[in-house]
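A short worksheet on the structure shown next.
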Protein chains: 2
Amino acid sequence: MPKTSQRGQLMPESPIRKLVPLADKAKSKGIKVYHLNIGQPDIQTPKVALNALHTIDRKILEYSPSDGIKSLKSKLADYYHRFNIDVDENDIIVTTGGSEAVNFAFMSCLDPGDEIIVPEPAYANYTAFAIAAGATIKSVVSTIEEGFALPSIERFEDLITPRTKGIMICNPNNPTGYLYTQSEMNQIKDLVKKYDLYLFSDEVYREFCYNNTPYISAFHLKGIEENVVLIDSVSKRYSECGIRIGTLVTKNKELKNNVMKFCQARLSPPLLGQIVAEASIDTPEDYMREVYNKYLERRNFLIDGLNKIPGVYSPIPMGAFYTVAKLPIDDADKFCAWLLSEYEYEGKTVMMAPASGFYTNGARKNEVRIAYVLDKEDLKQALIVLKNALEVYPGRKD
Amino acid sequence: MPKTSQRGQLMPESPIRKLVPLADKAKSKGIKVYHLNIGQPDIQTPKVALNALHTIDRKILEYSPSDGIKSLKSKLADYYHRFNIDVDENDIIVTTGGSEAVNFAFMSCLDPGDEIIVPEPAYANYTAFAIAAGATIKSVVSTIEEGFALPSIERFEDLITPRTKGIMICNPNNPTGYLYTQSEMNQIKDLVKKYDLYLFSDEVYREFCYNNTPYISAFHLKGIEENVVLIDSVSKRYSECGIRIGTLVTKNKELKNNVMKFCQARLSPPLLGQIVAEASIDTPEDYMREVYNKYLERRNFLIDGLNKIPGVYSPIPMGAFYTVAKLPIDDADKFCAWLLSEYEYEGKTVMMAPASGFYTNGARKNEVRIAYVLDKEDLKQALIVLKNALEVYPGRKD
């Protein structure tokens with residue numbers, strides 16, 4: 001049998017999905033599993049999007065342009081203008097989900113041996129795509145004690161080598177829910193300028209910033225417009241993760257030409273998803289407000305409930321719909337597997353993502369990522385299960 | 001401005017899509033362009049597929065499993081059984097188009113510096129994905145004079161080095177329409193066995209084999225089951241290129257685990273496309289036969305017409321819906337650009353793909369790929385335009 005690639009062997013398994021076989025087993029035994037592991041909202045997709053889907057009147061489901069349907073790009077530009085992001089449709093490339101945008105960004109910007117600096121904990125698939133591109137992630141670890149604020153910019157600067165090509169941020173942050181402040185963003189801007197780096201900025205959760213915390217896009221930073229590579233997706237804001245429509249936005253013409261070659265090689269982004277995404281941009285304000293309020297309520301309920309469980313601590317996330325919490329346990333990987341394979345509370349259990357997968361060095365063994373994508377009643381039950389599980393877990397460690 | 005990746009710079013532009021700006025310009029001047037450049041059929045998508053699309057009753061357009069929806073995989077297994085391809089649903093991974101299947105196959109099997117041997121002319125995007133994976137294509141050139149038959153197997157063996165990891169074939173072939181014979185496939189099998197290579201086999205055109213020429217899948221070859229990586233797509237057979245649903249099929253468990261990491265990193269294939277694809281597998285025989293007969297009629301009409309134009313020669317393609325033809329010209333890249341930017345015949349012109357893009361060394365400057373994806377009347381007009389164009393083209397060369 002021929003060998004598989006080293007790159008493939010090095011690729012991490014998804015910390016969000018790797019426990020799926022255990023969850024399936026639990027379900028087959030009739031156990032109810034509360035899914036706090038994955039950012040799959042339970043929110044209904046907007047009617048305007050579903051209507052667009054049902055009224056597609058094409059007779060041939062054909063390729064779209066490699067960079068996406070023109071009318072979608074034009075509406076996306078309008079959408080970005082609402083957030084004072086000054087881009088036009090020619091700066092926008094439609095991708096197969098935000099995932100492909102990250103992949104194309106790394107493949108187009110990074111060569112094998114190149115390095116990017118990433119504040120951690122970070123979305124696990126950045127590592128996967130960096131490995132796929134042959135690049136290395138240098139991590140700057142933020143801590144739960146400091147509420148996952150941006151570590152001091154000197155710690156970024158310490159990591160810069162001749163191979164450093166960029167900084168990758170996620171804002172609002174997955175997995176921590178942290179929102180970067182103006183002062184933090186300015187520091188990042190100065191560093192990007194000083195060393196002429198790419199700034200990869202994943203901003204798919206921009207609709208979910210709580211308590212009037214301002215959202216600062218990488219494109220709001222003056223003087224580094226050509227360095228910014230914006231990663232975006234319609235998945236989370238319209239609860240349509242399955243349509244696989246994202247965007248890569250760049251004002252850097254040379255980079256855009258490079259990205260377009262990857263786009264052409266994969267021919268086109270999904271046609272049906274593009275039609276749905278285009279309609280989604282007209283989602284009424286009412287829907288957006290209702291969803292926002294729902295997440296806000298869930299956040300308050302979840303964080304409050306978590307912090308009431310003895311030995312558990314979670315900071316208050318200011319954006320997105322995740323939090324990283326610290327549990328009184330030896331090892332979150334073991335605990336999360338144990339919850340699915342050896343535990344049940346009144347026929348129920350909880351699935352969470354061990355936070356180890358969000359750190360490249362696997363540090364912080366006692367943290368988990370929790371997504372608050374279930375309704376309040378389910379969250380309540382999940383908290384009860386978690387509380388009881390922690391009381392009997394053999395690896396408890398205070 | 002930071003540098004873009006060398007890999008991106010090395011990636012070729014799509015020979016099929018790179019002339020699009022010139023075509024757009026011609027159209028904006030009111031010129032009718034006959035698209036013979038791209039494998040986008042004009043055939044209507046089956047009703048059963050469009051009905052499935054219109055009756056989707058999901059309220060949340062959510063992620064699907066990373067390897068695809070179980071019921072789709074199960075129906076795909078049944079589909080393959082019809083062709084005596086002995087695989088089950090666990091061997092099947094649903095991908096975002098056949099393109100992603102090629103990409104994942106190369107990323108999972110090949111490391112930078114690895115080599116694959118490809119008979120040429122070959123589908124241009126194999127090169128693109130090989131470059132993306134850091135691998136090198138070693139080509140064995142087949143010739144129009146020999147009807148693009150497989151070159152002697154000794155020529156493959158001559159290219160084998162310690163870095164050779166696989167052979168990539170496309171059968172029925174894009175761009176030549178050639179169908180490999182049993183004897184040719186046996187020779188490939190022996191080579192794959194002798195050197196323990198991967199056999200990447202792109203078989204997306206299996207429904208289109210003419211004149212009772214037998215279709216031999218790589219999975220029909222005994223004794224190399226774990227070496228075979230089948231690339232497939234529903235795009236061409238059901239005229240639904242835009243839904244972006246393909247498959248990677250492997251019986252090699254270690255490879256499958258590797259591929260799954262790439263699948264997890266990109267989360268899931270398109271949900272809507274999967275629903276449409278699943279329904280498409282029930283397309284009635286009548287539709288398939290009608291489409292088949294249409295292509296057969298077009299093929300006969302086109303090849304006959306081409307060979308009647310002085311100086312033009314095309315072999316008779318036995319499968320798929322392309323042919324590579326030789327024209328009495330200096331340079332197909334120049335000629336195809338000239339057709340779009342400087343020529344028109346009664347307000348009409350023709351777009352073709354220069355064959356140079358299907359050879360890694362850019363040989364065979366006087367060949368073009370022609371897709372017969374238009375109806376007979378349009379093909380007739382296109383042939384008239386081509387005939388007249390060749391009479392006045394300043395770079396004519398007999």
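Quick note on naming: the chains in the structure tokens go A, B, ... in the order shown, residues restart at 1 in each chain, and ligands are numbered from 1 in order of appearance.
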
Exercise. For Met11 of chain B, list every protein, DNA or RNA residue within 8 Å, evaluated using only C-alpha atoms, and leave out those in the same chain fewer than 6 positions away; present the list as a VMD selection string.
Key: (chain A and resid 261 to 262) or (chain B and resid 127 to 128 131 to 132)

Exercise. Could you please select, counting only C-alpha atoms, the residues of chain A within 6 Å of chain B and state them as a ChimeraX atom specification?
Key: /A:2,4-5,8,13,44-45,54,59-63,99,108-111,125,196-197,240-244,258,261,265-266,270-271

Quiz item: If we count only C-alpha atoms, what is near Tyr359 of chain B at a cut-off of 7 Å, once residues fewer than 3 positions away on the same chain are taken out, given as a PyMOL selection string?
Solution: chain B and resi 120-122+356+362-363

Quiz prompt | Selection: 12 Å around Val392 of chain B, only C-alpha atoms, excl. self and same-chain fewer than 4 positions, as a PyMOL selection string | solution = chain B and resi 328-329+335+338-339+342-345+385-388+396-397

Output of the above residues as a PDB file, in the first residue's frame, restricted to N, CA, C and O atoms:
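selection_4.pdb was written with the following content:
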```pdb
ATOM      1  N   PRO B 328      -5.400  24.221 -38.972  1.00  0.00           N
ATOM      2  CA  PRO B 328      -4.303  24.731 -39.805  1.00  0.00           C
ATOM      3  C   PRO B 328      -3.897  26.142 -39.368  1.00  0.00           C
ATOM      4  O   PRO B 328      -4.126  27.116 -40.097  1.00  0.00           O
ATOM      5  N   ILE B 329      -3.317  26.231 -38.194  1.00  0.00           N
ATOM      6  CA  ILE B 329      -2.989  27.540 -37.605  1.00  0.00           C
ATOM      7  C   ILE B 329      -1.608  27.497 -36.970  1.00  0.00           C
ATOM      8  O   ILE B 329      -1.051  26.429 -36.709  1.00  0.00           O
ATOM      9  N   PHE B 335      -5.084  32.123 -31.908  1.00  0.00           N
ATOM     10  CA  PHE B 335      -6.267  31.968 -32.752  1.00  0.00           C
ATOM     11  C   PHE B 335      -7.550  32.123 -31.933  1.00  0.00           C
ATOM     12  O   PHE B 335      -8.475  32.841 -32.342  1.00  0.00           O
ATOM     13  N   TRP B 338      -7.980  35.661 -31.000  1.00  0.00           N
ATOM     14  CA  TRP B 338      -8.332  36.419 -32.212  1.00  0.00           C
ATOM     15  C   TRP B 338      -9.814  36.246 -32.555  1.00  0.00           C
ATOM     16  O   TRP B 338     -10.503  37.201 -32.906  1.00  0.00           O
ATOM     17  N   LEU B 339     -10.296  35.014 -32.426  1.00  0.00           N
ATOM     18  CA  LEU B 339     -11.712  34.740 -32.722  1.00  0.00           C
ATOM     19  C   LEU B 339     -12.643  35.617 -31.886  1.00  0.00           C
ATOM     20  O   LEU B 339     -13.693  36.056 -32.352  1.00  0.00           O
ATOM     21  N   GLU B 342     -11.071  39.859 -32.552  1.00  0.00           N
ATOM     22  CA  GLU B 342     -10.907  40.528 -33.848  1.00  0.00           C
ATOM     23  C   GLU B 342     -11.790  39.972 -34.949  1.00  0.00           C
ATOM     24  O   GLU B 342     -11.772  40.478 -36.067  1.00  0.00           O
ATOM     25  N   TYR B 343     -12.512  38.907 -34.631  1.00  0.00           N
ATOM     26  CA  TYR B 343     -13.255  38.266 -35.705  1.00  0.00           C
ATOM     27  C   TYR B 343     -14.743  38.200 -35.397  1.00  0.00           C
ATOM     28  O   TYR B 343     -15.153  38.145 -34.242  1.00  0.00           O
ATOM     29  N   GLU B 344     -15.530  38.226 -36.443  1.00  0.00           N
ATOM     30  CA  GLU B 344     -16.944  37.864 -36.324  1.00  0.00           C
ATOM     31  C   GLU B 344     -17.407  37.487 -37.720  1.00  0.00           C
ATOM     32  O   GLU B 344     -16.883  37.962 -38.731  1.00  0.00           O
ATOM     33  N   TYR B 345     -18.352  36.570 -37.772  1.00  0.00           N
ATOM     34  CA  TYR B 345     -18.924  36.178 -39.057  1.00  0.00           C
ATOM     35  C   TYR B 345     -20.426  36.347 -38.927  1.00  0.00           C
ATOM     36  O   TYR B 345     -21.069  35.638 -38.145  1.00  0.00           O
ATOM     37  N   VAL B 385     -18.870  29.341 -38.743  1.00  0.00           N
ATOM     38  CA  VAL B 385     -17.999  30.426 -38.284  1.00  0.00           C
ATOM     39  C   VAL B 385     -16.536  29.976 -38.327  1.00  0.00           C
ATOM     40  O   VAL B 385     -15.660  30.679 -38.833  1.00  0.00           O
ATOM     41  N   LEU B 386     -16.288  28.762 -37.798  1.00  0.00           N
ATOM     42  CA  LEU B 386     -14.909  28.265 -37.730  1.00  0.00           C
ATOM     43  C   LEU B 386     -14.307  28.132 -39.132  1.00  0.00           C
ATOM     44  O   LEU B 386     -13.165  28.545 -39.383  1.00  0.00           O
ATOM     45  N   LYS B 387     -15.094  27.582 -40.042  1.00  0.00           N
ATOM     46  CA  LYS B 387     -14.611  27.383 -41.422  1.00  0.00           C
ATOM     47  C   LYS B 387     -14.207  28.718 -42.043  1.00  0.00           C
ATOM     48  O   LYS B 387     -13.123  28.864 -42.611  1.00  0.00           O
ATOM     49  N   ASN B 388     -15.098  29.687 -41.893  1.00  0.00           N
ATOM     50  CA  ASN B 388     -14.820  31.004 -42.477  1.00  0.00           C
ATOM     51  C   ASN B 388     -13.661  31.693 -41.789  1.00  0.00           C
ATOM     52  O   ASN B 388     -12.863  32.364 -42.437  1.00  0.00           O
ATOM     53  N   ARG B 396      -2.762  31.574 -40.478  1.00  0.00           N
ATOM     54  CA  ARG B 396      -3.026  30.246 -41.061  1.00  0.00           C
ATOM     55  C   ARG B 396      -1.722  29.571 -41.475  1.00  0.00           C
ATOM     56  O   ARG B 396      -0.799  30.211 -41.964  1.00  0.00           O
ATOM     57  N   LYS B 397      -1.691  28.273 -41.267  1.00  0.00           N
ATOM     58  CA  LYS B 397      -0.462  27.527 -41.527  1.00  0.00           C
ATOM     59  C   LYS B 397      -0.872  26.125 -41.895  1.00  0.00           C
ATOM     60  O   LYS B 397      -1.385  25.387 -41.064  1.00  0.00           O
TER      61      LYS B 397
END
```

Quiz prompt | strand (DSSP E) positions in segment 246-343 of chain B, given as a list in words | solution =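 Going through segment 246-343 of chain B, the strand (DSSP E) residues come out as Gly246, Thr247, Leu248, Val249, Tyr322, Thr323, Val324, Ala325 and Lys326 of chain B.
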
Quiz item: Could you name the residues that touch Ile167 of chain B at 9 Å or less, counting only C-alpha atoms, but leaving out those on the same chain fewer than 6 positions away, as a PyMOL selection string?
Solution: chain B and resi 115-119+156+188+192+197-201

Quiz prompt | Best match for closeness to Pro354 of chain A among A:Val291, A:Cys336, A:Val228, A:Ile93, counting only C-alpha atoms | solution =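 Using only C-alpha atoms, Pro354 of chain A sits closest to A:Cys336.
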
Quiz prompt | Selection near Met288 of chain A, 9 Å with only C-alpha atoms, sequence-local residues under 5 positions removed, as an NGL selection string | solution = :A and (207 or 237-238 or 283 or 293)
